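Report on one structure; see the data block that follows.
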Amino acid sequence: IINCKTVFDKQTRQSLGYGFVKYDNPESAQTALTALNGHQLQNKRLKVSVAKPSEKETKSNLYVCGLPGHYTSQDLKVLVSPYGKVLEARVLVDPQTRKCRGVGFARLDSQKNALAAIAGLTGTRLDGG
């Protein structure tokens with residue numbers, strides 16, 4: 001393992017329930033994926049997959065927080081779509097309540113559009129958020 005990172009909520013400092021591990025070789029990563037994907041850890045079942053964002057994707061990904069509990073991935077897509085073509089939009093959902101955990105990710109078609117979305121949406125308050 002080269003490094004690892006757990007993602008935390010900036011306000012509460014609580015884990016958001018996911019993270020990233022960088023391995024020094026693809027074989028080690030595949031071994032971890034095979035061994036841990038679906039593994040039960042306390043009351044959670046792990047989902048392990050390979051993350052390979054390209055340089056272009058990395059610069060057009062948005063982390064969106066402050067989403068209302070009723071928000072869906074489709075709602076997030078609609079929210080960011082005025083700024084460009086949305087390639088992917090996903091809100092994190094609490095597995096027990098099935099409600100939005102207040103955060104999501106969206107990927108637009110360009111860095112320029114992602115920056116426009118950041119400029120346009122920063123500070124926006126959503127109903128119920």
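Starting from 1 in every chain, residues are counted up; chains themselves are A, B, ... following the order of the structure tokens, and ligands are numbered from 1 as listed.
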
Inset, instruction - Determine, counting only C-alpha atoms, which protein, DNA and RNA residues have an atom within 12 Å of an atom of region 92-98 of chain A; residues of the same chain fewer than 4 positions away are not included. Present the result as a PyMOL selection string. - result: chain A and resi 16-18+43-45+63-73+76+102-106

Legend entry - Who sits within 10 Å of Ile2 (chain A), only C-alpha atoms, same chain under 4 positions skipped, as a VMD selection string: chain A and resid 21 to 25

Inset, instruction - Rank A:Val78, A:Gly19, A:Arg107, A:Leu33 by their smallest atom-to-atom distance to Val48 (chain A), using only C-alpha atoms, and report the top residue only. - result: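 For Val48 (chain A), the nearest of the given residues is A:Leu33.
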
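CA of Asn61 (chain A) sits 14.0 Å away from CA of Ala119 (chain A).
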
Inset, instruction - Give me the residues within 9 Å of Lys85 (chain A) as a PyMOL selection string, counting only C-alpha atoms and dropping any in the same chain fewer than 5 places off. - result: chain A and resi 80+107-110+113

Would you output that residue set with all heavy atoms, as a JSON list (two decimals), in the first residue's frame?
[["chain", "number", "residue", "atom", "x", "y", "z"],
["A", 80, "VAL", "N", -27.31, 20.21, -11.74],
["A", 80, "VAL", "CA", -26.07, 20.62, -12.39],
["A", 80, "VAL", "C", -26.17, 20.72, -13.91],
["A", 80, "VAL", "O", -25.30, 21.29, -14.55],
["A", 80, "VAL", "CB", -24.87, 19.72, -12.00],
["A", 80, "VAL", "CG1", -24.61, 19.79, -10.50],
["A", 80, "VAL", "CG2", -25.08, 18.29, -12.43],
["A", 107, "ARG", "N", -20.35, 14.34, -12.56],
["A", 107, "ARG", "CA", -19.25, 14.51, -13.50],
["A", 107, "ARG", "C", -19.80, 15.15, -14.76],
["A", 107, "ARG", "O", -20.73, 14.65, -15.37],
["A", 107, "ARG", "CB", -18.60, 13.17, -13.83],
["A", 107, "ARG", "CG", -17.38, 13.32, -14.73],
["A", 107, "ARG", "CD", -16.52, 12.07, -14.74],
["A", 107, "ARG", "NE", -17.23, 10.87, -15.09],
["A", 107, "ARG", "CZ", -17.23, 10.33, -16.31],
["A", 107, "ARG", "NH1", -16.55, 10.88, -17.29],
["A", 107, "ARG", "NH2", -17.90, 9.22, -16.53],
["A", 108, "LEU", "N", -19.24, 16.30, -15.09],
["A", 108, "LEU", "CA", -19.65, 17.01, -16.28],
["A", 108, "LEU", "C", -18.69, 16.71, -17.42],
["A", 108, "LEU", "O", -17.65, 16.08, -17.23],
["A", 108, "LEU", "CB", -19.73, 18.52, -16.02],
["A", 108, "LEU", "CG", -20.99, 18.89, -15.23],
["A", 108, "LEU", "CD1", -20.73, 18.89, -13.76],
["A", 108, "LEU", "CD2", -21.54, 20.20, -15.69],
["A", 109, "ASP", "N", -19.03, 17.18, -18.62],
["A", 109, "ASP", "CA", -18.27, 16.84, -19.80],
["A", 109, "ASP", "C", -16.97, 17.62, -19.97],
["A", 109, "ASP", "O", -16.17, 17.28, -20.82],
["A", 109, "ASP", "CB", -19.14, 16.99, -21.06],
["A", 109, "ASP", "CG", -19.68, 18.40, -21.23],
["A", 109, "ASP", "OD1", -19.72, 19.16, -20.25],
["A", 109, "ASP", "OD2", -20.08, 18.72, -22.36],
["A", 110, "SER", "N", -16.74, 18.64, -19.15],
["A", 110, "SER", "CA", -15.49, 19.39, -19.27],
["A", 110, "SER", "C", -15.15, 20.09, -17.95],
["A", 110, "SER", "O", -16.04, 20.35, -17.13],
["A", 110, "SER", "CB", -15.58, 20.43, -20.38],
["A", 110, "SER", "OG", -16.43, 21.50, -19.99],
["A", 113, "ASN", "N", -17.03, 23.46, -17.72],
["A", 113, "ASN", "CA", -18.41, 23.36, -17.24],
["A", 113, "ASN", "C", -18.47, 23.04, -15.75],
["A", 113, "ASN", "O", -19.34, 23.54, -15.04],
["A", 113, "ASN", "CB", -19.18, 22.33, -18.06],
["A", 113, "ASN", "CG", -19.45, 22.81, -19.47],
["A", 113, "ASN", "OD1", -19.37, 24.01, -19.76],
["A", 113, "ASN", "ND2", -19.75, 21.89, -20.36]]

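One distance worth recording is that between CA of Gly84 (chain A) and CA of Lys10 (chain A), which is 26.9 Å.
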
Legend entry - Filtered DSSP result for chain A, state helix (DSSP H, G or I), as an MDAnalysis selection string: chainID A and resid 26:36 55:58 73:83 111:121

Inset, instruction - Can you list, as a ChimeraX atom specification, all residues belonging to region 11-98 of chain A that DSSP tags as strand (DSSP E)? - result: /A:15-22,40-41,44-45,61-65,86-93

Legend entry - Polymer residues at most 12 Å from Ser15 (chain A), only C-alpha atoms, same-chain spacing of 6 or more positions, as a ChimeraX atom specification: /A:5-9,101

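Each of A:Ser60, A:Lys47, A:Asp75, A:Ser81 was checked against Lys112 (chain A) using only C-alpha atoms; the smallest atom-to-atom distance is that of A:Ser60.
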